[in-house]
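Worksheet for the structure shown next.
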Amino acid sequence: MRYPKPATPNAQSINPQRDDNRDDLHSPLIPTPITAAAAWTDTPIISSAAKRPKLPALFISHGAPTLAIEQSATTSALARIGQNLPKPRAIVIMSAHWQSAKLEISSNPEPKTWHDFSGFTPELYELQYPAAGHPALAETLAQQLSARGIVCRVNPLRVSDHGVWAPLLHLYPQADIPIVQVSLPQYYDSIACYQLGAQLARLRDEQILIIGSGNITHNLQALRWQADSIDQTAKDFKVWLLQQLKTDIPSALDWQQYPDYKDIHPSDEHLLPLFFALGAGQRVSVVHQSMAHHSLGMDIYRFD
């Protein structure tokens with residue numbers, strides 16, 4: 001199996017039209033791994049965490065906002081994950097629904113629940129997910145990424161979009177784990193997301209759960225609401241991509257080689273969080289597979 005180098009992509013391959021004012025991951029590695037130790041106030045060092053189980057990274061297909069109020073095989077799988085994993089000290093999550101000009105990290109201490117959709121049942125708009133933020137962790141990560149030449153900034157005003165709270169309502173319904181959200185820069189591709197995940201992989205040793213929240217397939221034009229049918233084109237794509245993730249990660253990163261990929265992902269923002277999680281773990285295992293509303297793949301993958 002061939003793997004990309006851990007964290008030094010060619011900047012031109014990430015963004016051939018980049019200029020010197022834009023952040024990227026084209027900088028020499030600093031030997032010291034990125035760590036959350038400076039953010040904790042309950043322990044002076046994190047060395048004792050080495051005795052605790054290492055957390056995986058997760059990719060979650062969050063589907064439609066109605067996931068938050070559904071009882072389905074997908075929501076049952078999310079609940080089992082939350083019950084079976086050691087409780088994280090914090091969650092670092094990339095959602096398809098926070099795209100930004102540059103890399104940002106949320107430092108809002110009390111991010112509100114943002115109902116960033118319209119036309120759904122009133123019940124959805126009453127839901128709240130009052131998990132706290134973790135400003136110290138956000139600042140720590142921003143400082144360490146900046147020290148590696150990765151331009152980023154904290155955002156103290158960011159709220160939690162449904163790509164964050166809809167799956168977490170099932171994963172951790174008590175909302176008692178602090179959340180730090182990282183944005184998806186608009187010019188990032190699969191390689192850049194992979195490299196960012198690789199930079200943060202060490203956090204898994206410190207009981208921080210890394211999550212990419214998007215969708216394994218996402219063509220809303222093909223969606224058929226509440227249909228029992230399955231879009232075979234979408235299903236074939238996710239079967240192919242999973243095989244690449246298992247056997248040939250560079251091929252998975254080159255996912256746009258797939259014929260007619262735009263029929264599955266007309267835009268790429270819902271697939272890119274997968275590569276963020278992949279960079280943090282690499283070895284994939286399937287937690288859950290299903291389809292919803294004809295064309296939405298609802299797969300959940302674990303990366304160790």
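Residues in the structure tokens are numbered from 1 in each chain, the chains being A, B, ... in the order shown, and ligands are numbered from 1 in the order shown.
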
Close residues, region 65-75 of chain A itself excluded, 7 Å, only C-alpha atoms, min 6 positions apart in chain, as a PDB file with N, CA and C atoms, in the first residue's frame:
```pdb
ATOM      1  N   HIS A 162     -25.562  22.773  11.492  1.00  0.00           N
ATOM      2  CA  HIS A 162     -26.193  21.462  11.683  1.00  0.00           C
ATOM      3  C   HIS A 162     -25.264  20.300  11.333  1.00  0.00           C
ATOM      4  N   ALA A 166     -26.278  18.186  14.545  1.00  0.00           N
ATOM      5  CA  ALA A 166     -27.222  17.114  14.210  1.00  0.00           C
ATOM      6  C   ALA A 166     -26.651  15.728  14.507  1.00  0.00           C
ATOM      7  N   PRO A 167     -25.433  15.396  14.072  1.00  0.00           N
ATOM      8  CA  PRO A 167     -24.890  14.090  14.459  1.00  0.00           C
ATOM      9  C   PRO A 167     -24.507  14.001  15.933  1.00  0.00           C
ATOM     10  N   LEU A 169     -25.964  15.282  18.461  1.00  0.00           N
ATOM     11  CA  LEU A 169     -27.141  15.027  19.290  1.00  0.00           C
ATOM     12  C   LEU A 169     -27.323  13.537  19.572  1.00  0.00           C
ATOM     13  N   HIS A 170     -26.910  12.702  18.638  1.00  0.00           N
ATOM     14  CA  HIS A 170     -27.009  11.253  18.818  1.00  0.00           C
ATOM     15  C   HIS A 170     -25.718  10.671  19.400  1.00  0.00           C
ATOM     16  N   HIS A 288     -20.757   2.020   9.736  1.00  0.00           N
ATOM     17  CA  HIS A 288     -22.145   1.947   9.268  1.00  0.00           C
ATOM     18  C   HIS A 288     -22.194   2.278   7.792  1.00  0.00           C
ATOM     19  N   MET A 298     -25.119   7.427   3.705  1.00  0.00           N
ATOM     20  CA  MET A 298     -25.071   7.757   5.130  1.00  0.00           C
ATOM     21  C   MET A 298     -23.961   7.007   5.859  1.00  0.00           C
TER      22      MET A 298
END
```

What lies within 6 Å of region 174-177 of chain A using only C-alpha atoms, ignoring chain neighbours under 2 positions off, as a CSV table (one decimal) with N, CA, C and O atoms, in the first residue's frame?
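Result file is around-v4.csv:
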```
chain,number,residue,atom,x,y,z
A,90,ALA,N,-12.4,16.6,24.4
A,90,ALA,CA,-12.8,17.6,23.5
A,90,ALA,C,-13.1,17.0,22.1
A,90,ALA,O,-12.6,15.9,21.9
A,131,ALA,N,-23.5,22.5,23.8
A,131,ALA,CA,-22.1,22.2,24.2
A,131,ALA,C,-21.3,23.4,24.2
A,131,ALA,O,-21.4,24.3,23.4
A,172,TYR,N,-23.3,12.3,21.3
A,172,TYR,CA,-23.2,12.7,22.7
A,172,TYR,C,-24.4,13.6,23.1
A,172,TYR,O,-24.3,14.8,23.2
```

Exercise for the section: Write out as number ranges by chain all residues of region 47-271 of chain A that backbone DSSP assigns to strand (DSSP E or B). Expected result: A: 57-61, 90-100, 103-106, 113, 133, 152-155, 160, 179-185, 208-214

Exercise for the section: Apply DSSP to the structure's backbone, then extract all residues of region 144-279 of chain A labelled alpha helix (DSSP H) and return them as a PyMOL selection string. Expected result: chain A and resi 144-147+162-171+190-199+232-247+249-253+272-279

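Residues lying within 7 Å of region 134-138 of chain A, counting only C-alpha atoms and ignoring same-chain neighbours fewer than 2 positions away, are A:Ala36, A:Ala39, A:Ile105, A:Ser106, A:Ser107, A:Asn108, A:Pro109, A:Ala132, A:Thr140, A:Leu141, A:Ala142, A:Val154, A:Pro178, A:Ile179, A:Val180.
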
Grab the residues selected above and save them as an mmCIF file, in the first residue's frame with all heavy atoms.
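And here is the file that came out, selection14.cif:
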```cif
data_model
loop_
_atom_site.group_PDB
_atom_site.id
_atom_site.type_symbol
_atom_site.label_atom_id
_atom_site.label_comp_id
_atom_site.auth_asym_id
_atom_site.auth_seq_id
_atom_site.Cartn_x
_atom_site.Cartn_y
_atom_site.Cartn_z
ATOM 1 N N ALA A 36 -2.317 19.402 22.577
ATOM 2 C CA ALA A 36 -3.303 20.226 23.278
ATOM 3 C C ALA A 36 -2.870 20.550 24.698
ATOM 4 O O ALA A 36 -3.608 21.205 25.424
ATOM 5 C CB ALA A 36 -4.643 19.495 23.317
ATOM 6 N N ALA A 39 -3.507 23.760 26.529
ATOM 7 C CA ALA A 39 -4.887 24.220 26.668
ATOM 8 C C ALA A 39 -5.557 23.722 27.934
ATOM 9 O O ALA A 39 -6.572 24.275 28.349
ATOM 10 C CB ALA A 39 -5.709 23.760 25.465
ATOM 11 N N ILE A 105 -10.483 28.736 13.151
ATOM 12 C CA ILE A 105 -10.739 27.809 14.245
ATOM 13 C C ILE A 105 -11.658 28.504 15.239
ATOM 14 O O ILE A 105 -11.360 29.614 15.704
ATOM 15 C CB ILE A 105 -9.430 27.388 14.940
ATOM 16 C CG1 ILE A 105 -8.466 26.762 13.932
ATOM 17 C CG2 ILE A 105 -9.708 26.414 16.088
ATOM 18 C CD1 ILE A 105 -7.101 26.429 14.499
ATOM 19 N N SER A 106 -12.779 27.883 15.545
ATOM 20 C CA SER A 106 -13.757 28.535 16.424
ATOM 21 C C SER A 106 -13.238 28.596 17.855
ATOM 22 O O SER A 106 -12.778 27.610 18.411
ATOM 23 C CB SER A 106 -15.091 27.783 16.389
ATOM 24 O OG SER A 106 -14.943 26.466 16.893
ATOM 25 N N SER A 107 -13.332 29.794 18.435
ATOM 26 C CA SER A 107 -12.935 29.979 19.836
ATOM 27 C C SER A 107 -14.092 30.530 20.658
ATOM 28 O O SER A 107 -13.882 31.051 21.752
ATOM 29 C CB SER A 107 -11.723 30.921 19.928
ATOM 30 O OG SER A 107 -12.037 32.192 19.392
ATOM 31 N N ASN A 108 -15.288 30.407 20.133
ATOM 32 C CA ASN A 108 -16.476 30.862 20.841
ATOM 33 C C ASN A 108 -16.673 29.985 22.084
ATOM 34 O O ASN A 108 -16.802 28.773 21.973
ATOM 35 C CB ASN A 108 -17.694 30.746 19.920
ATOM 36 C CG ASN A 108 -18.922 31.425 20.476
ATOM 37 O OD1 ASN A 108 -19.057 31.625 21.677
ATOM 38 N ND2 ASN A 108 -19.855 31.767 19.599
ATOM 39 N N PRO A 109 -16.710 30.567 23.285
ATOM 40 C CA PRO A 109 -16.851 29.741 24.488
ATOM 41 C C PRO A 109 -18.236 29.118 24.628
ATOM 42 O O PRO A 109 -18.382 28.079 25.278
ATOM 43 C CB PRO A 109 -16.584 30.722 25.629
ATOM 44 C CG PRO A 109 -16.903 32.065 25.064
ATOM 45 C CD PRO A 109 -16.533 32.001 23.614
ATOM 46 N N ALA A 132 -20.366 23.464 25.135
ATOM 47 C CA ALA A 132 -19.446 24.600 25.248
ATOM 48 C C ALA A 132 -18.372 24.527 24.166
ATOM 49 O O ALA A 132 -18.116 23.467 23.586
ATOM 50 C CB ALA A 132 -18.787 24.606 26.625
ATOM 51 N N THR A 140 -4.526 27.412 21.269
ATOM 52 C CA THR A 140 -3.345 26.561 21.238
ATOM 53 C C THR A 140 -3.110 25.982 19.848
ATOM 54 O O THR A 140 -1.993 25.998 19.323
ATOM 55 C CB THR A 140 -3.482 25.425 22.263
ATOM 56 O OG1 THR A 140 -3.492 25.986 23.583
ATOM 57 C CG2 THR A 140 -2.346 24.431 22.161
ATOM 58 N N LEU A 141 -4.172 25.462 19.241
ATOM 59 C CA LEU A 141 -4.041 24.882 17.904
ATOM 60 C C LEU A 141 -3.665 25.940 16.882
ATOM 61 O O LEU A 141 -2.818 25.700 16.008
ATOM 62 C CB LEU A 141 -5.343 24.195 17.507
ATOM 63 C CG LEU A 141 -5.792 23.021 18.381
ATOM 64 C CD1 LEU A 141 -7.071 22.398 17.820
ATOM 65 C CD2 LEU A 141 -4.699 21.963 18.515
ATOM 66 N N ALA A 142 -4.284 27.107 16.976
ATOM 67 C CA ALA A 142 -3.972 28.179 16.029
ATOM 68 C C ALA A 142 -2.515 28.611 16.146
ATOM 69 O O ALA A 142 -1.832 28.837 15.136
ATOM 70 C CB ALA A 142 -4.900 29.372 16.266
ATOM 71 N N VAL A 154 -8.299 32.494 14.844
ATOM 72 C CA VAL A 154 -9.432 32.047 15.638
ATOM 73 C C VAL A 154 -10.634 32.922 15.312
ATOM 74 O O VAL A 154 -10.498 34.085 14.936
ATOM 75 C CB VAL A 154 -9.130 32.079 17.154
ATOM 76 C CG1 VAL A 154 -8.036 31.090 17.494
ATOM 77 C CG2 VAL A 154 -8.778 33.478 17.621
ATOM 78 N N PRO A 178 -16.724 19.672 25.171
ATOM 79 C CA PRO A 178 -16.458 20.928 24.457
ATOM 80 C C PRO A 178 -16.066 20.676 23.003
ATOM 81 O O PRO A 178 -15.429 19.677 22.677
ATOM 82 C CB PRO A 178 -15.318 21.561 25.249
ATOM 83 C CG PRO A 178 -14.705 20.446 26.026
ATOM 84 C CD PRO A 178 -15.790 19.460 26.288
ATOM 85 N N ILE A 179 -16.467 21.618 22.155
ATOM 86 C CA ILE A 179 -16.286 21.486 20.713
ATOM 87 C C ILE A 179 -15.433 22.628 20.185
ATOM 88 O O ILE A 179 -15.650 23.793 20.514
ATOM 89 C CB ILE A 179 -17.647 21.507 20.001
ATOM 90 C CG1 ILE A 179 -18.522 20.336 20.457
ATOM 91 C CG2 ILE A 179 -17.474 21.473 18.479
ATOM 92 C CD1 ILE A 179 -19.961 20.447 19.990
ATOM 93 N N VAL A 180 -14.481 22.272 19.337
ATOM 94 C CA VAL A 180 -13.723 23.249 18.556
ATOM 95 C C VAL A 180 -13.937 22.900 17.094
ATOM 96 O O VAL A 180 -13.622 21.796 16.660
ATOM 97 C CB VAL A 180 -12.221 23.226 18.912
ATOM 98 C CG1 VAL A 180 -11.425 24.060 17.914
ATOM 99 C CG2 VAL A 180 -11.999 23.735 20.330
#
```

Completion exercise
A straight line from CA of Gly197 (chain A) to CA of Leu145 (chain A) spans 11.6 Å

Exercise for the section: Find the distance between CA of Leu184 (chain A) and CA of Trp98 (chain A) and write it in Å to one decimal. Expected result: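 According to the coordinates, CA of Leu184 (chain A) and CA of Trp98 (chain A) are separated by 6.0 Å.
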
Exercise for the section: Measure the distance from CA of Ala222 (chain A) to CA of Lys235 (chain A) in Å and round it to one decimal. Expected result: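 Rounded to one decimal, the two atoms are 12.6 Å apart.
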
Exercise for the section: Find the residues near Met94 (chain A): any atom within 10 Å, counting only C-alpha atoms, skip ones fewer than 3 places away on the same chain, and give them as number ranges by chain. Expected result: A: 59, 91, 97-99, 105, 163-164, 180-184, 193, 197, 210-214, 272-274, 276-277

Handout entry: Residue nearest Trp255 (chain A) among A:Leu58, A:Ile191, A:Ala292, A:Ala79 (counting only C-alpha atoms)
Key =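 Distance minimum relative to Trp255 (chain A) lands on A:Ile191.
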
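With only C-alpha atoms as the basis for measurement, A:Leu171 is the residue among A:Glu206, A:Thr233, A:Ala38, A:Leu171 that approaches Leu78 (chain A) most closely.
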
Practice task
May I ask which of the residues A:Ala252, A:Val151, A:Leu168, A:Leu157 is the closest one to Gln128 (chain A), counting only C-alpha atoms?
Solution key: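 Checking each candidate against Gln128 (chain A), we get A:Leu168 as the closest.
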
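Minimum atom-to-atom distances from A:Pro53, A:Pro156, A:Pro250, A:Gly82 to Lys112 (chain A) were compared using only C-alpha atoms, and the lowest value belongs to A:Pro156.
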